[in-house]
$ cat structure.cif   # mmCIF, C-alpha atoms
data_my_file
loop_
_atom_site.label_atom_id
_atom_site.label_comp_id
_atom_site.auth_asym_id
_atom_site.auth_seq_id
_atom_site.Cartn_x
_atom_site.Cartn_y
_atom_site.Cartn_z
CA MET A 15 3.13 -33.67 -6.41
CA ASN A 16 4.76 -30.80 -8.27
CA LEU A 17 3.57 -30.48 -11.91
CA SER A 18 7.15 -30.22 -13.22
CA PHE A 19 8.06 -33.42 -11.39
CA PHE A 20 4.93 -35.16 -12.66
CA THR A 21 5.66 -34.23 -16.29
CA ALA A 22 9.31 -35.27 -15.99
CA SER A 23 8.45 -38.51 -14.21
CA VAL A 24 6.00 -39.48 -16.97
CA PHE A 25 8.85 -39.35 -19.48
CA VAL A 26 11.39 -41.05 -17.21
CA CYS A 27 9.01 -43.85 -16.25
CA HIS A 28 8.20 -44.46 -19.92
CA GLN A 29 11.89 -44.60 -20.86
CA HIS A 30 12.96 -46.46 -17.71
CA PRO A 31 10.09 -48.87 -16.95
CA GLU A 32 11.81 -50.05 -13.78
CA TRP A 33 10.80 -46.69 -12.24
CA ALA A 34 7.09 -46.99 -13.10
CA GLY A 35 5.09 -46.89 -9.91
CA CYS A 36 8.12 -45.75 -7.94
CA GLU A 37 7.64 -42.01 -8.28
CA ASP A 38 8.31 -41.38 -4.57
CA ASP A 39 11.68 -43.12 -4.87
CA LEU A 40 12.41 -41.28 -8.11
CA GLU A 41 11.64 -37.97 -6.43
CA HIS A 42 13.78 -38.67 -3.36
CA SER A 43 16.63 -40.45 -5.16
CA TYR A 44 17.03 -38.14 -8.15
CA TRP A 45 14.64 -35.15 -8.40
CA LEU A 46 15.52 -33.57 -5.06
CA PRO A 47 19.26 -34.46 -4.82
CA SER A 48 19.96 -33.28 -8.38
CA GLY A 49 18.26 -29.92 -7.77
CA CYS A 50 15.54 -30.31 -10.39
CA LEU A 51 13.09 -28.33 -8.26
CA TYR A 52 15.22 -25.21 -8.87
CA LEU A 53 15.11 -25.59 -12.66
CA PRO A 54 12.58 -24.48 -15.26
CA PRO A 55 10.29 -27.41 -16.17
CA ALA A 56 11.76 -28.57 -19.51
CA LEU A 57 15.31 -28.35 -18.22
CA ALA A 58 14.25 -30.21 -15.06
CA CYS A 59 12.89 -33.07 -17.20
CA CYS A 60 16.15 -33.36 -19.15
CA HIS A 61 18.23 -33.12 -15.98
CA LEU A 62 16.15 -35.73 -14.13
CA ASP A 63 16.48 -38.18 -17.00
CA TRP A 64 20.25 -37.63 -17.15
CA ALA A 65 20.55 -38.09 -13.39
CA VAL A 66 18.71 -41.42 -13.68
CA MET A 67 20.94 -42.50 -16.57
CA THR A 68 24.32 -41.35 -15.25
CA GLY A 69 23.84 -40.65 -11.54
CA THR A 70 23.20 -37.37 -9.77
CA PRO A 71 26.88 -36.35 -9.40
CA GLU A 72 27.53 -36.70 -13.14
CA ALA A 73 24.34 -34.82 -14.03
CA LEU A 74 25.38 -31.99 -11.72
CA ARG A 75 28.90 -31.93 -13.21
CA VAL A 76 27.45 -31.57 -16.71
CA LEU A 77 25.06 -28.80 -15.69
CA ALA A 78 27.80 -27.00 -13.72
CA ARG A 79 30.06 -27.06 -16.76
CA LEU A 80 27.27 -25.68 -18.96
CA VAL A 81 26.68 -22.70 -16.65
CA GLY A 82 30.38 -21.96 -16.21
CA GLU A 83 30.83 -23.32 -12.70
CA PRO A 84 34.03 -25.16 -11.73
CA GLU A 85 34.13 -28.90 -12.42
CA GLY A 86 33.85 -29.69 -8.71
CA ALA A 87 30.76 -27.54 -8.17
CA VAL A 88 28.14 -30.07 -7.20
CA ASP A 89 26.00 -28.06 -4.81
CA ALA A 90 22.67 -28.77 -6.48
CA GLN A 91 20.84 -25.65 -5.35
CA HIS A 92 23.67 -23.33 -6.41
CA VAL A 93 24.25 -24.97 -9.81
CA CYS A 94 20.55 -25.23 -10.63
CA THR A 95 19.80 -21.69 -9.50
CA LYS A 96 22.54 -20.44 -11.86
CA ALA A 97 21.09 -22.60 -14.63
CA ALA A 98 17.61 -21.17 -14.04
CA GLU A 99 19.00 -17.67 -14.70
CA ARG A 100 19.94 -18.65 -18.27
CA PRO A 101 17.54 -18.72 -21.25
CA GLU A 102 15.95 -22.17 -20.91
CA ALA A 103 15.77 -23.13 -24.60
CA GLN A 104 19.43 -22.26 -25.21
CA LEU A 105 20.71 -24.13 -22.14
CA LEU A 106 18.43 -27.08 -22.87
CA GLN A 107 19.80 -27.31 -26.42
CA GLN A 108 23.35 -27.34 -25.03
CA TYR A 109 22.43 -30.02 -22.47
CA LEU A 110 20.83 -32.20 -25.14
CA ASN A 111 23.93 -31.83 -27.33
CA VAL A 112 26.16 -32.94 -24.44
CA ARG A 113 23.99 -36.03 -24.02
CA VAL A 114 24.37 -36.95 -27.71
CA GLU A 115 28.12 -36.34 -27.54
CA ALA A 116 28.30 -38.62 -24.49
CA ALA A 117 26.53 -41.37 -26.44
CA HIS A 118 29.00 -41.14 -29.32
CA THR A 119 31.99 -40.96 -26.97
CA ALA A 120 30.85 -44.03 -25.05
CA ALA A 121 30.33 -45.95 -28.29
CA LEU A 122 33.84 -45.09 -29.48
CA LYS A 123 35.53 -45.73 -26.16
CA TYR A 124 33.70 -48.96 -25.34
CA PRO A 125 32.99 -51.07 -28.44
CA VAL A 126 30.48 -53.19 -26.52
CA LYS A 127 28.37 -50.04 -26.06
CA ALA A 128 28.46 -49.25 -29.78
CA ALA A 129 25.67 -51.76 -30.31
CA HIS A 130 23.43 -49.58 -28.13
CA LEU A 131 24.19 -46.28 -29.87
CA SER A 132 21.15 -46.27 -32.15
CA ARG A 133 18.85 -47.02 -29.21
CA TRP A 134 20.47 -44.26 -27.12
CA LEU A 135 20.14 -41.75 -29.98
CA ALA A 136 16.49 -42.75 -30.47
CA LYS A 137 15.92 -42.08 -26.78
CA GLU A 138 17.50 -38.64 -27.16
CA ALA A 139 15.19 -37.92 -30.11
CA ALA A 140 12.22 -39.08 -28.03
CA LEU A 141 13.23 -36.69 -25.24
CA ARG A 142 13.49 -33.78 -27.68
CA ASP A 143 10.05 -34.60 -29.12
CA TYR A 144 8.54 -34.95 -25.65
CA LEU A 145 9.96 -31.61 -24.51
CA VAL A 146 8.74 -29.77 -27.61
CA LYS A 147 5.23 -31.20 -27.19
CA GLN A 148 5.02 -30.62 -23.44
CA TYR A 149 6.59 -27.14 -23.46
CA PRO A 150 5.44 -25.08 -26.46
CA THR A 151 7.20 -22.03 -24.99
CA LEU A 152 10.47 -23.58 -26.21
CA GLY A 153 9.57 -22.44 -29.70
CA GLY A 154 8.69 -25.76 -31.29
CA THR A 155 12.17 -27.07 -32.05
CA LEU A 156 15.23 -28.23 -30.15
#
$ encode --input "structure.cif" --output "structure tokens"
Amino acid sequence: MNLSFFTASVFVCHQHPEWAGCEDDLEHSYWLPSGCLYLPPALACCHLDWAVMTGTPEALRVLARLVGEPEGAVDAQHVCTKAAERPEAQLLQQYLNVRVEAAHTAALKYPVKAAHLSRWLAKEAALRDYLVKQYPTLGGTL
């Protein structure tokens, strides 16, 4: 098992208990199809979690947009290779901001989801804390 996948799966399985013990499925359903293996470790963790939450196509659309690829660019290897060429901390910060924006947008658009906003934002804070602790090269803050 790849160390980046292991570290990311620890977070995902903690946040999504239904995946605990299903790391092989997690790897084959999300890690590989979303291109995480082409990303730096902290970005791969964020991207894997987003793929689990929103689906691989949506996660790839978000990452493609962040690296300046066209909206329809969903070739995982291409998008993730371009992402890996960017400074990781900067791109990771942008990705995390998109996730928070998505939470607020969903809460505004769908009132029934507004009740879950505080839980979603707490999860985002937990991801930031996890990444800072696991990857000190990020500079200690996100």
$ closest_residue --input "structure.cif" --among "A:Val66, A:Ala58, A:Leu51, A:Leu152" --to "Asp39 (chain A)" --atoms "all atoms listed in the file"
A:Val66
$ atom_distance --input "structure.cif" --atom1 "CA of Val93 (chain A)" --atom2 "CA of Ala117 (chain A)"
23.5 Å
$ atom_distance --input "structure.cif" --atom1 "CA of Leu46 (chain A)" --atom2 "CA of His30 (chain A)"
18.2 Å
$ resolve_selection --input "structure.cif" --expression "the PyMOL selection byres ((chain A and resi 23) around 9)" --output "ChimeraX atom specification"
/A:18-22,24-28,33-34,37,40-41,59,62-63
$ atom_distance --input "structure.cif" --atom1 "CA of Val81 (chain A)" --atom2 "CA of Tyr109 (chain A)"
10.3 Å
$ resolve_selection --input "structure.cif" --expression "the PyMOL selection byres ((chain A and resi 48) around 9)" --output "mmCIF file with C-alpha atoms, in the frame of the given file"
data_model
loop_
_atom_site.group_PDB
_atom_site.id
_atom_site.type_symbol
_atom_site.label_atom_id
_atom_site.label_comp_id
_atom_site.auth_asym_id
_atom_site.auth_seq_id
_atom_site.Cartn_x
_atom_site.Cartn_y
_atom_site.Cartn_z
ATOM 1 C CA SER A 43 16.630 -40.450 -5.160
ATOM 2 C CA TYR A 44 17.030 -38.140 -8.150
ATOM 3 C CA TRP A 45 14.640 -35.150 -8.400
ATOM 4 C CA LEU A 46 15.520 -33.570 -5.060
ATOM 5 C CA PRO A 47 19.260 -34.460 -4.820
ATOM 6 C CA GLY A 49 18.260 -29.920 -7.770
ATOM 7 C CA CYS A 50 15.540 -30.310 -10.390
ATOM 8 C CA LEU A 51 13.090 -28.330 -8.260
ATOM 9 C CA HIS A 61 18.230 -33.120 -15.980
ATOM 10 C CA LEU A 62 16.150 -35.730 -14.130
ATOM 11 C CA ALA A 65 20.550 -38.090 -13.390
ATOM 12 C CA GLY A 69 23.840 -40.650 -11.540
ATOM 13 C CA THR A 70 23.200 -37.370 -9.770
ATOM 14 C CA PRO A 71 26.880 -36.350 -9.400
ATOM 15 C CA ALA A 73 24.340 -34.820 -14.030
ATOM 16 C CA LEU A 74 25.380 -31.990 -11.720
ATOM 17 C CA VAL A 88 28.140 -30.070 -7.200
ATOM 18 C CA ASP A 89 26.000 -28.060 -4.810
ATOM 19 C CA ALA A 90 22.670 -28.770 -6.480
ATOM 20 C CA GLN A 91 20.840 -25.650 -5.350
ATOM 21 C CA CYS A 94 20.550 -25.230 -10.630
#
$ resolve_selection --input "structure.cif" --expression "the PyMOL selection byres ((chain A and resi 129-142) around 12)" --output "PyMOL selection string"
chain A and resi 21-22+24-26+28-30+56-57+59-64+67+103+106-107+109-128+143-150+152+154-156
$ write_last_selection --input "structure.cif" --atoms "C-alpha atoms" --output "compact mmCIF listing (two decimals), in the coordinates of the input"
# COMPACT_ATOMS: atom_id res chain seq x y z
CA THR A 21 5.66 -34.23 -16.29
CA ALA A 22 9.31 -35.27 -15.99
CA VAL A 24 6.00 -39.48 -16.97
CA PHE A 25 8.85 -39.35 -19.48
CA VAL A 26 11.39 -41.05 -17.21
CA HIS A 28 8.20 -44.46 -19.92
CA GLN A 29 11.89 -44.60 -20.86
CA HIS A 30 12.96 -46.46 -17.71
CA ALA A 56 11.76 -28.57 -19.51
CA LEU A 57 15.31 -28.35 -18.22
CA CYS A 59 12.89 -33.07 -17.20
CA CYS A 60 16.15 -33.36 -19.15
CA HIS A 61 18.23 -33.12 -15.98
CA LEU A 62 16.15 -35.73 -14.13
CA ASP A 63 16.48 -38.18 -17.00
CA TRP A 64 20.25 -37.63 -17.15
CA MET A 67 20.94 -42.50 -16.57
CA ALA A 103 15.77 -23.13 -24.60
CA LEU A 106 18.43 -27.08 -22.87
CA GLN A 107 19.80 -27.31 -26.42
CA TYR A 109 22.43 -30.02 -22.47
CA LEU A 110 20.83 -32.20 -25.14
CA ASN A 111 23.93 -31.83 -27.33
CA VAL A 112 26.16 -32.94 -24.44
CA ARG A 113 23.99 -36.03 -24.02
CA VAL A 114 24.37 -36.95 -27.71
CA GLU A 115 28.12 -36.34 -27.54
CA ALA A 116 28.30 -38.62 -24.49
CA ALA A 117 26.53 -41.37 -26.44
CA HIS A 118 29.00 -41.14 -29.32
CA THR A 119 31.99 -40.96 -26.97
CA ALA A 120 30.85 -44.03 -25.05
CA ALA A 121 30.33 -45.95 -28.29
CA LEU A 122 33.84 -45.09 -29.48
CA LYS A 123 35.53 -45.73 -26.16
CA TYR A 124 33.70 -48.96 -25.34
CA PRO A 125 32.99 -51.07 -28.44
CA VAL A 126 30.48 -53.19 -26.52
CA LYS A 127 28.37 -50.04 -26.06
CA ALA A 128 28.46 -49.25 -29.78
CA ASP A 143 10.05 -34.60 -29.12
CA TYR A 144 8.54 -34.95 -25.65
CA LEU A 145 9.96 -31.61 -24.51
CA VAL A 146 8.74 -29.77 -27.61
CA LYS A 147 5.23 -31.20 -27.19
CA GLN A 148 5.02 -30.62 -23.44
CA TYR A 149 6.59 -27.14 -23.46
CA PRO A 150 5.44 -25.08 -26.46
CA LEU A 152 10.47 -23.58 -26.21
CA GLY A 154 8.69 -25.76 -31.29
CA THR A 155 12.17 -27.07 -32.05
CA LEU A 156 15.23 -28.23 -30.15
$ closest_residue --input "structure.cif" --among "A:His92, A:Asp38, A:Arg79, A:Pro84" --to "Leu105 (chain A)" --atoms "all atoms listed in the file"
A:Arg79
$ closest_residue --input "structure.cif" --among "A:Gly153, A:Glu72, A:Cys36, A:Ala97" --to "Glu85 (chain A)" --atoms "only C-alpha atoms"
A:Glu72
$ closest_residue --input "structure.cif" --among "A:Arg75, A:Leu53, A:His42, A:Gly86" --to "Glu99 (chain A)" --atoms "all atoms listed in the file"
A:Leu53
$ build_atoms --input "structure.cif" --residues "region 104-135 of chain A" --atoms "N, CA and C atoms" --output "mmCIF file, keeping the file's coordinate frame"
data_model
loop_
_atom_site.group_PDB
_atom_site.id
_atom_site.type_symbol
_atom_site.label_atom_id
_atom_site.label_comp_id
_atom_site.auth_asym_id
_atom_site.auth_seq_id
_atom_site.Cartn_x
_atom_site.Cartn_y
_atom_site.Cartn_z
ATOM 1 N N GLN A 104 18.009 -22.220 -24.823
ATOM 2 C CA GLN A 104 19.430 -22.260 -25.210
ATOM 3 C C GLN A 104 20.197 -23.261 -24.343
ATOM 4 N N LEU A 105 20.008 -23.210 -23.034
ATOM 5 C CA LEU A 105 20.710 -24.130 -22.140
ATOM 6 C C LEU A 105 20.250 -25.569 -22.365
ATOM 7 N N LEU A 106 18.973 -25.742 -22.603
ATOM 8 C CA LEU A 106 18.430 -27.080 -22.870
ATOM 9 C C LEU A 106 19.053 -27.665 -24.136
ATOM 10 N N GLN A 107 19.181 -26.848 -25.169
ATOM 11 C CA GLN A 107 19.800 -27.310 -26.420
ATOM 12 C C GLN A 107 21.248 -27.755 -26.154
ATOM 13 N N GLN A 108 21.978 -26.985 -25.362
ATOM 14 C CA GLN A 108 23.350 -27.340 -25.030
ATOM 15 C C GLN A 108 23.393 -28.655 -24.243
ATOM 16 N N TYR A 109 22.486 -28.804 -23.294
ATOM 17 C CA TYR A 109 22.430 -30.020 -22.470
ATOM 18 C C TYR A 109 22.141 -31.240 -23.356
ATOM 19 N N LEU A 110 21.172 -31.099 -24.238
ATOM 20 C CA LEU A 110 20.830 -32.200 -25.140
ATOM 21 C C LEU A 110 22.006 -32.558 -26.045
ATOM 22 N N ASN A 111 22.744 -31.563 -26.502
ATOM 23 C CA ASN A 111 23.930 -31.830 -27.330
ATOM 24 C C ASN A 111 24.999 -32.587 -26.552
ATOM 25 N N VAL A 112 25.184 -32.228 -25.281
ATOM 26 C CA VAL A 112 26.160 -32.940 -24.440
ATOM 27 C C VAL A 112 25.758 -34.407 -24.306
ATOM 28 N N ARG A 113 24.470 -34.652 -24.161
ATOM 29 C CA ARG A 113 23.990 -36.030 -24.020
ATOM 30 C C ARG A 113 24.300 -36.838 -25.284
ATOM 31 N N VAL A 114 24.083 -36.255 -26.448
ATOM 32 C CA VAL A 114 24.370 -36.950 -27.710
ATOM 33 C C VAL A 114 25.876 -37.182 -27.853
ATOM 34 N N GLU A 115 26.663 -36.178 -27.510
ATOM 35 C CA GLU A 115 28.120 -36.340 -27.540
ATOM 36 C C GLU A 115 28.557 -37.479 -26.621
ATOM 37 N N ALA A 116 27.953 -37.560 -25.442
ATOM 38 C CA ALA A 116 28.300 -38.620 -24.490
ATOM 39 C C ALA A 116 27.989 -40.000 -25.074
ATOM 40 N N ALA A 117 26.897 -40.101 -25.812
ATOM 41 C CA ALA A 117 26.530 -41.370 -26.440
ATOM 42 C C ALA A 117 27.591 -41.788 -27.464
ATOM 43 N N HIS A 118 27.990 -40.841 -28.309
ATOM 44 C CA HIS A 118 29.000 -41.140 -29.320
ATOM 45 C C HIS A 118 30.351 -41.463 -28.686
ATOM 46 N N THR A 119 30.721 -40.718 -27.659
ATOM 47 C CA THR A 119 31.990 -40.960 -26.970
ATOM 48 C C THR A 119 32.014 -42.340 -26.341
ATOM 49 N N ALA A 120 30.921 -42.710 -25.676
ATOM 50 C CA ALA A 120 30.850 -44.030 -25.050
ATOM 51 C C ALA A 120 30.948 -45.134 -26.086
ATOM 52 N N ALA A 121 30.300 -44.941 -27.233
ATOM 53 C CA ALA A 121 30.330 -45.950 -28.290
ATOM 54 C C ALA A 121 31.741 -46.116 -28.861
ATOM 55 N N LEU A 122 32.471 -45.021 -28.964
ATOM 56 C CA LEU A 122 33.840 -45.090 -29.480
ATOM 57 C C LEU A 122 34.811 -45.684 -28.448
ATOM 58 N N LYS A 123 34.623 -45.299 -27.214
ATOM 59 C CA LYS A 123 35.530 -45.730 -26.160
ATOM 60 C C LYS A 123 35.308 -47.181 -25.751
ATOM 61 N N TYR A 124 34.057 -47.599 -25.774
ATOM 62 C CA TYR A 124 33.700 -48.960 -25.340
ATOM 63 C C TYR A 124 32.945 -49.651 -26.470
ATOM 64 N N PRO A 125 33.635 -50.428 -27.288
ATOM 65 C CA PRO A 125 32.990 -51.070 -28.440
ATOM 66 C C PRO A 125 31.726 -51.864 -28.091
ATOM 67 N N VAL A 126 31.677 -52.438 -26.900
ATOM 68 C CA VAL A 126 30.480 -53.190 -26.520
ATOM 69 C C VAL A 126 29.253 -52.271 -26.433
ATOM 70 N N LYS A 127 29.477 -50.995 -26.149
ATOM 71 C CA LYS A 127 28.370 -50.040 -26.060
ATOM 72 C C LYS A 127 27.945 -49.526 -27.433
ATOM 73 N N ALA A 128 28.781 -49.726 -28.433
ATOM 74 C CA ALA A 128 28.460 -49.250 -29.780
ATOM 75 C C ALA A 128 27.162 -49.877 -30.298
ATOM 76 N N ALA A 129 26.894 -51.083 -29.890
ATOM 77 C CA ALA A 129 25.670 -51.760 -30.310
ATOM 78 C C ALA A 129 24.419 -51.059 -29.794
ATOM 79 N N HIS A 130 24.568 -50.263 -28.740
ATOM 80 C CA HIS A 130 23.430 -49.580 -28.130
ATOM 81 C C HIS A 130 23.285 -48.132 -28.602
ATOM 82 N N LEU A 131 24.191 -47.676 -29.463
ATOM 83 C CA LEU A 131 24.190 -46.280 -29.870
ATOM 84 C C LEU A 131 22.882 -45.869 -30.541
ATOM 85 N N SER A 132 22.388 -46.662 -31.457
ATOM 86 C CA SER A 132 21.150 -46.270 -32.150
ATOM 87 C C SER A 132 19.972 -46.181 -31.182
ATOM 88 N N ARG A 133 19.924 -47.074 -30.207
ATOM 89 C CA ARG A 133 18.850 -47.020 -29.210
ATOM 90 C C ARG A 133 18.993 -45.772 -28.338
ATOM 91 N N TRP A 134 20.228 -45.440 -27.944
ATOM 92 C CA TRP A 134 20.470 -44.260 -27.120
ATOM 93 C C TRP A 134 20.084 -42.982 -27.893
ATOM 94 N N LEU A 135 20.478 -42.921 -29.176
ATOM 95 C CA LEU A 135 20.140 -41.750 -29.980
ATOM 96 C C LEU A 135 18.631 -41.642 -30.210
#
